Amino acid sequence: MNVNTSFQYSKQEKLKSHIVIDSLFVDGKTVSKYPLRIVYVATDNKENLPLKVGVSVSKRYFKKAVDRNYFKRLLREAYRLNKDLLLQNIDQPYALMLFYQTKDKLTFEQINDKMIQLFEKFALQIKSSSK
């Protein structure tokens with residue numbers, strides 16, 4: 001890990017554009033590592049940022065907003081700590097949406113482990129599709 005690695009999840013990194021989010025669901029590709037899933041699409045680099053990331057937890061699995069917000073917070077934290085794995089392996093900017101897809105209430109450690117596995121799988125898929 002680089003000494004200069006920033007563990008921030010800045011406001012500019014958050015995926016907010018409705019246009020980009022719509023393109024994710026129309027043209028996006030998927031990588032899964034149960035119970036996490038990434039939908040991603042390559043973007044043009046207007047803000048000079050390599051990644052734009054959003055998180056989502058379905059109301060189907062957690063009826064209470066308190067629970068959904070808790071798992072979104074865990075997803076953002078796991079992303080923040082492990083985004084260096086993504087940044088090392090991408091060669092163009094991407095928009096990502098992270099999904100938590102289970103009723104099971106996993107601990108942060110479990111989510112973090114799955115996030116690392118998911119990012120490694122994502123990196124492999126990016127490398128194989130760029131060939």
# chains A, B, ... in the order shown; residues from 1 in each chain; ligands from 1

$ residues_around --residues "Lys16 (chain A)" --least-positions-apart "5" --cutoff "10 Å" --atoms "only C-alpha atoms" --output "JSON, numbers by chain"
{"A": [11, 21, 52, 53, 54]}

$ write_last_selection --atoms "C-alpha atoms" --output "tab-separated table (two decimals), in the first residue's frame"
chain	number	residue	atom	x	y	z
A	11	LYS	CA	-17.99	14.50	-1.79
A	21	ILE	CA	-26.94	6.20	-12.60
A	52	LYS	CA	-17.56	7.67	-8.74
A	53	VAL	CA	-19.26	5.39	-6.23
A	54	GLY	CA	-22.77	5.00	-4.86

$ atom_distance --atom1 "CA of Leu51 (chain A)" --atom2 "CA of Ala95 (chain A)"
5.8 Å

$ select_by_dssp --residues "chain A" --states "helix (DSSP H, G or I)" --output "ChimeraX atom specification"
/A:11-13,18-27,65-89,108-129

$ residues_around --residues "region 100-109 of chain A" --least-positions-apart "6" --cutoff "7 Å" --atoms "only C-alpha atoms" --output "list in words"
Pro35, Leu36, Arg37, Ser56, Val57, Tyr61, Phe62 and Leu74 of chain A

$ residues_around --residues "Asp22 (chain A)" --least-positions-apart "6" --cutoff "12 Å" --atoms "only C-alpha atoms" --output "ChimeraX atom specification"
/A:15-16,28,39-41,95-97

$ closest_residue --among "A:Ser32, A:Gln110, A:Gln117, A:Asn82" --to "Ser6 (chain A)" --atoms "only C-alpha atoms"
A:Asn82

$ residues_around --residues "Tyr9 (chain A)" --least-positions-apart "4" --cutoff "9 Å" --atoms "only C-alpha atoms" --output "PDB file with all heavy atoms, in the first residue's frame"
ATOM      1  N   GLU A  13     -16.346  12.217  -4.994  1.00  0.00           N
ATOM      2  CA  GLU A  13     -16.312  10.799  -5.359  1.00  0.00           C
ATOM      3  C   GLU A  13     -17.690  10.152  -5.344  1.00  0.00           C
ATOM      4  O   GLU A  13     -17.862   9.055  -5.842  1.00  0.00           O
ATOM      5  CB  GLU A  13     -15.441  10.044  -4.348  1.00  0.00           C
ATOM      6  CG  GLU A  13     -14.158   9.547  -4.897  1.00  0.00           C
ATOM      7  CD  GLU A  13     -13.370   8.820  -3.832  1.00  0.00           C
ATOM      8  OE1 GLU A  13     -12.869   9.468  -2.909  1.00  0.00           O
ATOM      9  OE2 GLU A  13     -13.267   7.587  -3.957  1.00  0.00           O
ATOM     10  N   LYS A  14     -18.660  10.803  -4.726  1.00  0.00           N
ATOM     11  CA  LYS A  14     -19.992  10.218  -4.594  1.00  0.00           C
ATOM     12  C   LYS A  14     -20.746  10.302  -5.905  1.00  0.00           C
ATOM     13  O   LYS A  14     -20.739  11.326  -6.574  1.00  0.00           O
ATOM     14  CB  LYS A  14     -20.755  10.906  -3.470  1.00  0.00           C
ATOM     15  CG  LYS A  14     -20.091  10.622  -2.135  1.00  0.00           C
ATOM     16  CD  LYS A  14     -20.779  11.257  -0.992  1.00  0.00           C
ATOM     17  CE  LYS A  14     -20.022  10.853   0.276  1.00  0.00           C
ATOM     18  NZ  LYS A  14     -20.171  11.757   1.348  1.00  0.00           N
ATOM     19  N   ARG A  76     -19.905   1.948   2.668  1.00  0.00           N
ATOM     20  CA  ARG A  76     -19.047   3.108   2.376  1.00  0.00           C
ATOM     21  C   ARG A  76     -17.714   3.009   3.107  1.00  0.00           C
ATOM     22  O   ARG A  76     -16.657   3.317   2.542  1.00  0.00           O
ATOM     23  CB  ARG A  76     -19.755   4.412   2.751  1.00  0.00           C
ATOM     24  CG  ARG A  76     -20.807   4.833   1.750  1.00  0.00           C
ATOM     25  CD  ARG A  76     -21.278   6.254   1.996  1.00  0.00           C
ATOM     26  NE  ARG A  76     -21.946   6.390   3.277  1.00  0.00           N
ATOM     27  CZ  ARG A  76     -23.262   6.300   3.458  1.00  0.00           C
ATOM     28  NH1 ARG A  76     -24.057   6.066   2.428  1.00  0.00           N
ATOM     29  NH2 ARG A  76     -23.781   6.450   4.662  1.00  0.00           N
ATOM     30  N   GLU A  77     -17.748   2.547   4.337  1.00  0.00           N
ATOM     31  CA  GLU A  77     -16.518   2.418   5.112  1.00  0.00           C
ATOM     32  C   GLU A  77     -15.617   1.334   4.518  1.00  0.00           C
ATOM     33  O   GLU A  77     -14.403   1.522   4.393  1.00  0.00           O
ATOM     34  CB  GLU A  77     -16.847   2.105   6.574  1.00  0.00           C
ATOM     35  CG  GLU A  77     -15.649   1.983   7.474  1.00  0.00           C
ATOM     36  CD  GLU A  77     -14.882   3.279   7.685  1.00  0.00           C
ATOM     37  OE1 GLU A  77     -15.324   4.340   7.202  1.00  0.00           O
ATOM     38  OE2 GLU A  77     -13.813   3.223   8.316  1.00  0.00           O
ATOM     39  N   TYR A  79     -15.583   0.342   1.436  1.00  0.00           N
ATOM     40  CA  TYR A  79     -15.067   0.898   0.182  1.00  0.00           C
ATOM     41  C   TYR A  79     -13.905   1.852   0.461  1.00  0.00           C
ATOM     42  O   TYR A  79     -12.852   1.780  -0.164  1.00  0.00           O
ATOM     43  CB  TYR A  79     -16.175   1.635  -0.588  1.00  0.00           C
ATOM     44  CG  TYR A  79     -15.622   2.562  -1.637  1.00  0.00           C
ATOM     45  CD1 TYR A  79     -15.110   2.061  -2.820  1.00  0.00           C
ATOM     46  CD2 TYR A  79     -15.544   3.934  -1.420  1.00  0.00           C
ATOM     47  CE1 TYR A  79     -14.552   2.906  -3.768  1.00  0.00           C
ATOM     48  CE2 TYR A  79     -14.990   4.781  -2.351  1.00  0.00           C
ATOM     49  CZ  TYR A  79     -14.497   4.264  -3.521  1.00  0.00           C
ATOM     50  OH  TYR A  79     -13.937   5.100  -4.447  1.00  0.00           O
ATOM     51  N   ARG A  80     -14.115   2.745   1.416  1.00  0.00           N
ATOM     52  CA  ARG A  80     -13.112   3.762   1.734  1.00  0.00           C
ATOM     53  C   ARG A  80     -11.767   3.124   2.114  1.00  0.00           C
ATOM     54  O   ARG A  80     -10.710   3.564   1.673  1.00  0.00           O
ATOM     55  CB  ARG A  80     -13.626   4.624   2.885  1.00  0.00           C
ATOM     56  CG  ARG A  80     -12.744   5.801   3.243  1.00  0.00           C
ATOM     57  CD  ARG A  80     -13.289   6.535   4.444  1.00  0.00           C
ATOM     58  NE  ARG A  80     -13.136   5.779   5.675  1.00  0.00           N
ATOM     59  CZ  ARG A  80     -12.021   5.714   6.388  1.00  0.00           C
ATOM     60  NH1 ARG A  80     -10.935   6.347   5.990  1.00  0.00           N
ATOM     61  NH2 ARG A  80     -11.966   5.014   7.508  1.00  0.00           N
TER      62      ARG A  80
END

$ residues_around --residues "Gln88 (chain A)" --least-positions-apart "4" --cutoff "9 Å" --atoms "only C-alpha atoms" --output "ChimeraX atom specification"
/A:83-84,123

$ write_last_selection --atoms "C-alpha atoms" --output "tab-separated table (two decimals), in the first residue's frame"
chain	number	residue	atom	x	y	z
A	83	LYS	CA	-10.51	1.55	-2.69
A	84	ASP	CA	-6.74	1.43	-3.17
A	123	ALA	CA	-9.98	-6.07	-11.15

$ select_by_dssp --residues "chain A" --states "strand (DSSP E)" --output "list in words"
Lys29, Thr30, Val31, Ser32, Lys33, Leu36, Arg37, Ile38, Val39, Tyr40, Val41, Ala42, Leu51, Lys52, Val53, Gly54, Val55, Ser56, Val57, Tyr94, Ala95, Leu96, Met97, Leu98, Phe99 and Tyr100 of chain A

$ residues_around --residues "Ala78 (chain A)" --least-positions-apart "5" --cutoff "8 Å" --atoms "only C-alpha atoms" --output "count of residues only"
4

$ atom_distance --atom1 "CA of Asp91 (chain A)" --atom2 "CA of Asp27 (chain A)"
19.1 Å

$ atom_distance --atom1 "CA of Phe99 (chain A)" --atom2 "CA of Ile38 (chain A)"
6.4 Å

$ closest_residue --among "A:His18, A:Lys29, A:Lys121, A:Lys46" --to "Asn89 (chain A)" --atoms "only C-alpha atoms"
A:Lys121
